[in-house]
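K.L.:
Pasting in a structure now, in structure tokens, and then I'll have a few things to ask.
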Amino acid sequence: MRNAVQHTINFTRTNFPDKIDVKALANRYAAALQRCFPPSPTSQSLARTIHAHMITSGFNPRGHIIDRLIDVYCKCKNLGYAHQVFDKIPQPDIVARTTIVSAYCNLGEMKEARRIFDEIPFHIRDVVCYNAVITGYNHNSDGVSAIQLFGDMLRDGVRPDHFTYSSVLSSLSLIADDARQCYQLHCAVVKSGTGCSTSVLNALISLYVKCASSPFVASSSLLGVARELFDEMQGKDELTWTTMITGYARNDDLDSAREVFDSTGVKVVAVWNAMISGYVHHSLYPEALDLFRRMNAEEIQHDEYTYTNVLGACADSGMFWHGKEIHARILRKEDRVRHRVEVQSSINNALVTLYSKCGRIREARHIFEEMHVRDIVSWNAVLSGYVTAGQILEAKEFFNKMPEKNLLTWAVMIAAYAQSGLGEESIKLLNKMRMEGFQPCDYTYAGALTACSNLGALDQGRQLHGQVIRFGYESSLSVANALITMYGRCGVVEDADLMFSTMPSIDSVSWNAMIAAFGQHGDGRQALELFEQMLKAKILPDRITYLTIITACTHSGLVDEGRHYFHSMHKYHISAGEDHYARMIDLFCRSGKFQEAEELINKMPFEPKAPIWEALLAGCRIHGNLDLGIKAAEKLLDLIPQHDGTYILLSNMYAAAGQWVDVARVRMLMREQGVKKEPACSWIDVENKVNVFLVDDTSHPDVQEVYDYLEQLGPKLRELGYVPDTKYVLHDMETEQKEHSLTTHSEKLAVAYGLLKLPVGATVRVFKNLRICGDCHNAIKYISKIVQRVIVVRDVKRFHHFKNGKCSCGDYW
């Protein structure tokens with residue numbers, strides 16, 4: 001390039017005689033412009049210098065000189081200069097027009113490219129200019145426009161060549177959902193005589209395999225045609241093999257993909273990458289890693305796609321040490337072959353993802369900090385690592401530092417807040433996302449709906465449902481499943497059921513969500529019926545399905561049914577985990593079957609841990625089984641000495657038995673261990689504002705009005721037969737004090753506030769962070785009869801629907 005610069009300088013300094021051979025001068029300008037290729041910033045400067053010399057010397061360029069000058073400016077992406085030259089041509093030839101059209105196509109400015117193309121007179125249009133625009137549409141994923149222009153080309157009488165058909169076939173593969181379209185274009189290829197071109201045949205095979213992926217066509221027949229073309233093809237190249245292997249893999253026929261792979265007989269890395277990618281896509285990670293080992297044995301050079309695929313396999317399968325070995329191999333390769341040249345950013349991103357997904361966030365952050373080039377994928381990988389590791393504060397700090405964010409960034413953080421119990425932060429972040437100009441995607445809405453589920457924010461959830469419908473995301477499985485859960489956890493099981501029954505397609509998550517909703521609301525029989533429908537629909541249950549169905553039995557006291565389903569898990573090759581055993585022990589203990597619960601604990605294939613003893617202790621608390629409860633509490637204090645729930649349940653058992661000395665001893669032990677009791681609180685959403693009440697609350701601005709209202713209700717409650725159950729007062733005090741203490745419980749305050757502030761007849765929905773108090777449960781039954789309102793209370797375990805003096809739990813909770 002330095003010689004070219006010097007040559008051009010010398011050229012521009014030449015003093016031309018008065019009479020000069022124009023043809024010779026034109027040739028010298030043409031030769032000088034030829035030195036501007038390949039394009040670069042220096043090339044552009046040279047072209048401008050030559051162009052300036054033409055102007056100052058009075059040389060009037062024509063024909064091929066102008067075409068070459070336009071070509072240089074276009075290839076240097078300086079369309080401003082190119083257009084200036086082009087606009088000064090009185091009658092631009094087809095070469096100049098095609099050159100500038102191609103430049104706009106390459107920049108993705110198809111509207112301007114098409115405008116210039118449409119101005120080309122019909123009589124000078126040729127196959128090259130049509131190819132330029134068709135290819136431009138193809139590269140910009142506008143298959144419809146490419147096919148329409150191809151039709152115009154045929155009507156204009158311009159004969160397509162093999163470049164045309166390669167582009168048109170690729171364009172059709174973007175939109176094809178009808179086998180007839182493939183066959184029609186295939187016939188056109190055969191008639192044109194271009195069917196022997198390798199590029200055309202590759203595009204035709206690609207069209208068939210991509211169309212086979214459409215849900216509207218029979219994939220086997222199209223794959224059969226593609227295979228016939230493949231088998232008959234003489235000059236197969238790297239693209240041919242990879243297209244056929246990828247096509248089979250996309251259509252879930254890995255056996256045929258492997259058959260094609262084994263028959264290649266070539267050691268081309270792209271072909272191996274295609275097969276490895278197929279295995280990774282179908283979660284066949286051992287097969288992918290085995291193929292990678294074969295590559296090493298056969299000394300086939302790896303590239304960045306090889307490494308990103310196998311590192312992805314290690315990350316998704318949790319095979320950390322395999323991934324670390326590959327990391328070491330990459331570093332050794334850098335030392336030996338690349339002389340410490342930096343690894344491609346895609347490989348670094350895959351390494352960050354590997355360490356993040358495997359819980360090694362510190363190492364992932366170190367790799368990230370060492371990267372000289374970071375893109376949005378790099379930042380998102382580290383952010384996801386913090387979220388996966390449960391380090392939400394670190395994730396928030398990292399999120400705020402990110403120089404740019406995309407939809408995935410927002411979706412990850414919104415979901416992280418929702419799943420970490422920070423529902424309000426999740427909703428606020430969704431609003432901030434929209435204020436910054438991002439349109440939420442379906443996964444973002446799913447995360448926000450999860451936040452509404454945890455908060456019990458029904459009105460907010462309904463608003464999000466409206467947005468989902470407006471933006472066309474209601475058919476998304478992730479959103480629909482989140483809506484089922486949201487309505488279920490917000491106490492509107494009827495809407496959850498309506499959502500479930502109107503979904504265009506459902507998966508196992510949908511069934512599990514609906515079964516769980518029925519179970520939480522005490523509709524155990526309906527949950528069992530739905531489970532049987534699931535089996536009839538040939539949807540295989542998973543471990544979550546059995547967890548929800550056993551829980552449904554627990555909430556409805558269906559001991560025999562729960563026992564049956566627990567023992568039927570082996571039919572689907574599902575091993576019962578600790579959570580399944582804990583649910584069964586909870587079921588037995590709530591029903592007072594302590595002997596059966598102890599027998600199950602003794603038969604467990606592993607040592608019982610905290611969830612088992614917690615279930616046993618909770619059952620003992622309900623039925624006053626003090627001796628067994630003390631045994632369970634001792635086990636829990638050994639396993640999780642800082643857990644407040646153990647102390648509270650044990651203290652409550654002693655209090656219910658009137659053993660106040662033991663109550664004091666447990667509370668003293670709590671203080672010595674530094675354990676603090678989680679304060680009971682209840683909340684209710686009124687006019688999109690969450691109102692929180694604590695026990696004996698004095699902070700809420702309307703609390704005195706609430707106390708006055710409860711005092712007015714007192715005589716009416718007693719007339720109906722309500723008697724304060726002072727055994728739920730866990731302090732040693734006078735009876736009158738105990739009765740007053742019961743009226744200040746948080747759930748009573750929240751219910752009373754809802755009755756005062758919500759419209760007449762509206763359902764009152766209250767949420768509590770702990771289990772509902774027995775006295776409150778009894779009182780709210782009577783209140784529902786007095787005010788003739790439906791009152792729904794969601795506690796930490798389940799829903800209680802109070803109506804006309806009765807509760808949906810049937811007093812079994």
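So you can find residues: chains in the structure tokens are A, B, ... in the order shown, residues in each start at 1, and ligands are numbered from 1 in order.
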Please run DSSP on the backbone and report, as a PyMOL selection string, all residues within region 152-378 of chain A that come out as helix (DSSP H, G or I).
P.N.:
chain A and resi 152-155+162-175+179-192+198-212+219-232+238-250+254-262+269-281+285-297+304-317+320-336+345-357+361-370+376-378
K.L.:
With only C-alpha atoms as the counted atoms, please give the residues lying no more than 10 Å from Lys609 (chain A), apart from itself and same-chain residues fewer than 4 positions off, as a PyMOL selection string.
P.N.:
chain A and resi 578+582+613-614+635-636+639-640
K.L.:
Tell me, which residues of region 600-748 of chain A carry DSSP strand (DSSP E), written as a VMD selection string?
P.N.:
chain A and resid 681 to 686 689 to 694
K.L.:
Atoms to include: all heavy atoms. Write the selected residues as a CSV table (one decimal), in the first residue's frame.
P.N.:
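That gives us result11.csv:
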```
chain,number,residue,atom,x,y,z
A,681,CYS,N,-47.0,-10.7,59.8
A,681,CYS,CA,-47.6,-9.5,59.2
A,681,CYS,C,-48.6,-10.0,58.1
A,681,CYS,O,-48.5,-11.1,57.6
A,681,CYS,CB,-46.6,-8.6,58.6
A,681,CYS,SG,-45.7,-9.3,57.1
A,682,SER,N,-49.6,-9.1,57.9
A,682,SER,CA,-50.6,-9.4,56.8
A,682,SER,C,-50.7,-8.2,56.0
A,682,SER,O,-50.5,-7.0,56.4
A,682,SER,CB,-51.9,-9.7,57.4
A,682,SER,OG,-51.8,-10.9,58.3
A,683,TRP,N,-51.0,-8.4,54.7
A,683,TRP,CA,-51.2,-7.2,53.8
A,683,TRP,C,-52.3,-7.4,52.8
A,683,TRP,O,-52.8,-8.5,52.6
A,683,TRP,CB,-49.9,-7.0,53.0
A,683,TRP,CG,-49.4,-8.1,52.1
A,683,TRP,CD1,-49.6,-8.2,50.8
A,683,TRP,CD2,-48.6,-9.2,52.5
A,683,TRP,NE1,-49.0,-9.3,50.3
A,683,TRP,CE2,-48.4,-10.0,51.3
A,683,TRP,CE3,-48.1,-9.7,53.7
A,683,TRP,CZ2,-47.7,-11.1,51.3
A,683,TRP,CZ3,-47.4,-10.9,53.7
A,683,TRP,CH2,-47.2,-11.6,52.5
A,684,ILE,N,-52.8,-6.3,52.4
A,684,ILE,CA,-54.0,-6.3,51.4
A,684,ILE,C,-53.7,-5.2,50.4
A,684,ILE,O,-53.3,-4.1,50.7
A,684,ILE,CB,-55.3,-6.1,52.2
A,684,ILE,CG1,-56.5,-6.1,51.2
A,684,ILE,CG2,-55.3,-4.8,53.0
A,684,ILE,CD1,-57.8,-6.2,51.9
A,685,ASP,N,-54.1,-5.5,49.2
A,685,ASP,CA,-53.9,-4.5,48.1
A,685,ASP,C,-55.2,-3.8,47.9
A,685,ASP,O,-56.2,-4.4,47.5
A,685,ASP,CB,-53.5,-5.3,46.8
A,685,ASP,CG,-53.1,-4.4,45.7
A,685,ASP,OD1,-53.3,-3.1,45.8
A,685,ASP,OD2,-52.7,-4.9,44.6
A,686,VAL,N,-55.2,-2.5,48.1
A,686,VAL,CA,-56.4,-1.6,47.9
A,686,VAL,C,-56.0,-0.5,47.0
A,686,VAL,O,-55.1,0.3,47.3
A,686,VAL,CB,-57.0,-1.1,49.2
A,686,VAL,CG1,-58.1,-0.2,49.0
A,686,VAL,CG2,-57.4,-2.3,50.1
A,689,LYS,N,-52.4,-0.1,46.0
A,689,LYS,CA,-51.4,0.2,47.1
A,689,LYS,C,-51.5,-0.9,48.1
A,689,LYS,O,-52.6,-1.3,48.6
A,689,LYS,CB,-51.8,1.5,47.8
A,689,LYS,CG,-50.9,1.9,48.9
A,689,LYS,CD,-51.3,3.2,49.6
A,689,LYS,CE,-50.3,3.5,50.7
A,689,LYS,NZ,-50.7,4.8,51.5
A,690,VAL,N,-50.3,-1.4,48.5
A,690,VAL,CA,-50.2,-2.5,49.4
A,690,VAL,C,-50.2,-2.0,50.8
A,690,VAL,O,-49.3,-1.2,51.2
A,690,VAL,CB,-48.9,-3.4,49.2
A,690,VAL,CG1,-48.8,-4.5,50.2
A,690,VAL,CG2,-49.0,-4.0,47.8
A,691,ASN,N,-51.2,-2.4,51.6
A,691,ASN,CA,-51.3,-2.0,53.0
A,691,ASN,C,-50.9,-3.1,53.9
A,691,ASN,O,-51.5,-4.2,53.9
A,691,ASN,CB,-52.8,-1.6,53.3
A,691,ASN,CG,-53.2,-0.4,52.5
A,691,ASN,OD1,-53.1,0.8,52.9
A,691,ASN,ND2,-53.7,-0.6,51.3
A,692,VAL,N,-49.9,-2.8,54.8
A,692,VAL,CA,-49.3,-3.9,55.6
A,692,VAL,C,-49.7,-3.6,57.1
A,692,VAL,O,-49.6,-2.5,57.5
A,692,VAL,CB,-47.7,-3.9,55.5
A,692,VAL,CG1,-47.1,-5.0,56.4
A,692,VAL,CG2,-47.3,-4.1,54.0
A,693,PHE,N,-50.1,-4.7,57.8
A,693,PHE,CA,-50.4,-4.6,59.2
A,693,PHE,C,-49.6,-5.6,60.0
A,693,PHE,O,-49.4,-6.8,59.6
A,693,PHE,CB,-51.9,-4.9,59.4
A,693,PHE,CG,-52.8,-3.9,58.8
A,693,PHE,CD1,-53.3,-4.0,57.4
A,693,PHE,CD2,-53.3,-2.8,59.5
A,693,PHE,CE1,-54.1,-3.1,56.9
A,693,PHE,CE2,-54.1,-1.9,58.9
A,693,PHE,CZ,-54.5,-2.0,57.6
A,694,LEU,N,-49.1,-5.1,61.1
A,694,LEU,CA,-48.4,-6.0,62.1
A,694,LEU,C,-49.3,-6.3,63.3
A,694,LEU,O,-50.4,-5.7,63.4
A,694,LEU,CB,-47.1,-5.3,62.6
A,694,LEU,CG,-46.1,-4.9,61.5
A,694,LEU,CD1,-45.0,-4.1,62.1
A,694,LEU,CD2,-45.6,-6.1,60.8
```
K.L.:
Need to verify the contact set: Thr198 (chain A), 10 Å, only C-alpha atoms, exclusion of same-chain residues closer than 4 positions in sequence. Can you return it as number ranges by chain?
P.N.:
A: 162, 166, 194, 202-204, 233-237, 239-240
K.L.:
Restricting it to N, CA, C and O atoms, dump the selection as a CSV table (one decimal), in the first residue's frame.
P.N.:
```
chain,number,residue,atom,x,y,z
A,162,HIS,N,-27.3,-19.0,-12.1
A,162,HIS,CA,-27.2,-19.8,-10.9
A,162,HIS,C,-27.1,-18.9,-9.7
A,162,HIS,O,-27.5,-19.3,-8.6
A,166,SER,N,-29.6,-19.3,-6.4
A,166,SER,CA,-29.0,-19.5,-5.1
A,166,SER,C,-29.6,-18.5,-4.1
A,166,SER,O,-30.0,-18.9,-3.0
A,194,THR,N,-29.6,-24.9,-14.3
A,194,THR,CA,-28.6,-24.5,-13.3
A,194,THR,C,-28.5,-25.6,-12.2
A,194,THR,O,-27.9,-25.4,-11.2
A,202,ASN,N,-26.8,-26.7,-3.1
A,202,ASN,CA,-26.7,-26.5,-1.6
A,202,ASN,C,-27.9,-25.7,-1.1
A,202,ASN,O,-28.5,-26.0,-0.1
A,203,ALA,N,-28.3,-24.6,-1.9
A,203,ALA,CA,-29.4,-23.8,-1.5
A,203,ALA,C,-30.7,-24.6,-1.5
A,203,ALA,O,-31.6,-24.4,-0.7
A,204,LEU,N,-30.8,-25.5,-2.5
A,204,LEU,CA,-32.0,-26.3,-2.7
A,204,LEU,C,-32.2,-27.3,-1.5
A,204,LEU,O,-33.2,-27.4,-0.9
A,233,MET,N,-25.7,-35.8,-5.7
A,233,MET,CA,-24.9,-34.7,-6.0
A,233,MET,C,-23.4,-35.1,-6.2
A,233,MET,O,-22.9,-35.9,-5.3
A,234,GLN,N,-22.7,-34.7,-7.2
A,234,GLN,CA,-21.4,-35.1,-7.5
A,234,GLN,C,-20.3,-34.3,-6.7
A,234,GLN,O,-19.5,-34.8,-6.1
A,235,GLY,N,-20.4,-33.0,-6.8
A,235,GLY,CA,-19.4,-32.1,-6.2
A,235,GLY,C,-19.8,-31.6,-4.9
A,235,GLY,O,-19.9,-30.4,-4.6
A,236,LYS,N,-19.9,-32.5,-3.9
A,236,LYS,CA,-20.3,-32.1,-2.5
A,236,LYS,C,-19.1,-31.3,-1.9
A,236,LYS,O,-17.9,-31.6,-2.1
A,237,ASP,N,-19.5,-30.2,-1.3
A,237,ASP,CA,-18.5,-29.4,-0.6
A,237,ASP,C,-18.8,-29.4,0.9
A,237,ASP,O,-19.7,-30.0,1.4
A,239,LEU,N,-20.2,-27.2,2.7
A,239,LEU,CA,-21.5,-26.7,3.0
A,239,LEU,C,-22.6,-27.7,2.8
A,239,LEU,O,-23.6,-27.8,3.5
A,240,THR,N,-22.4,-28.6,1.8
A,240,THR,CA,-23.3,-29.7,1.5
A,240,THR,C,-23.5,-30.6,2.7
A,240,THR,O,-24.6,-30.9,3.1
```
K.L.:
Please provide the set of residues having any atom within 8 Å of Glu404 (chain A), restricted to only C-alpha atoms, with same-chain residues fewer than 2 positions apart removed, written as a list in words.
P.N.:
Ile376, Met402 and Asn406 of chain A
K.L.:
Dump N, CA, C and O atoms for the selected residues as a PDB file, in the first residue's frame?
P.N.:
```
ATOM      1  N   ILE A 376     -22.238  -7.503  24.878  1.00  0.00           N
ATOM      2  CA  ILE A 376     -23.402  -7.659  25.741  1.00  0.00           C
ATOM      3  C   ILE A 376     -23.547  -9.098  26.219  1.00  0.00           C
ATOM      4  O   ILE A 376     -24.023  -9.353  27.327  1.00  0.00           O
ATOM      5  N   MET A 402     -23.561  -1.926  33.951  1.00  0.00           N
ATOM      6  CA  MET A 402     -23.529  -2.365  32.552  1.00  0.00           C
ATOM      7  C   MET A 402     -23.624  -1.178  31.603  1.00  0.00           C
ATOM      8  O   MET A 402     -24.540  -0.350  31.731  1.00  0.00           O
ATOM      9  N   ASN A 406     -29.766  -5.220  26.964  1.00  0.00           N
ATOM     10  CA  ASN A 406     -30.727  -5.665  25.956  1.00  0.00           C
ATOM     11  C   ASN A 406     -31.903  -6.331  26.657  1.00  0.00           C
ATOM     12  O   ASN A 406     -31.985  -6.338  27.893  1.00  0.00           O
TER      13      ASN A 406
END
```
K.L.:
Can you pull out the residues contacting Met534 (chain A)? Cut-off 10 Å, using only C-alpha atoms, and skip same-chain residues under 6 positions away; I want them as a PyMOL selection string.
P.N.:
chain A and resi 507-508+511-512+515+528+540-541
K.L.:
Atoms to include: C-alpha atoms. Write the selected residues as a tab-separated table (two decimals), in the first residue's frame.
P.N.:
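Ended up saving to result_4.tsv:
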```tsv
chain	number	residue	atom	x	y	z
A	507	ASP	CA	-47.02	-28.59	28.51
A	508	SER	CA	-46.20	-30.39	31.74
A	511	TRP	CA	-50.57	-29.09	34.14
A	512	ASN	CA	-48.35	-28.80	37.23
A	515	ILE	CA	-52.82	-28.94	39.79
A	528	LEU	CA	-56.64	-35.48	41.42
A	540	LEU	CA	-45.67	-37.85	31.43
A	541	PRO	CA	-45.63	-36.61	35.03
```
K.L.:
Would you please work out which residue, of A:Ser505, A:Thr646, A:Asn296, A:Ser214, is nearest to Ser476 (chain A) when using only C-alpha atoms?
P.N.:
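For Ser476 (chain A), the nearest of the candidates is A:Ser505.
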K.L.:
For the atom pair CA of Asp662 (chain A) and CA of Ile630 (chain A), what is the interatomic distance in Å to one decimal place?
P.N.:
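Distance between the two atoms: 11.3 Å.
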K.L.:
Tell me, as a list in words, which residues lie within 12 Å of Thr698 (chain A), counting only C-alpha atoms; anything in the same chain fewer than 6 positions away does not count.
P.N.:
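With the cut-off at 12 Å, the set is Val692, Gln704, Glu705, Val706, Tyr707, Thr744, Ser746 and Leu749 of chain A.
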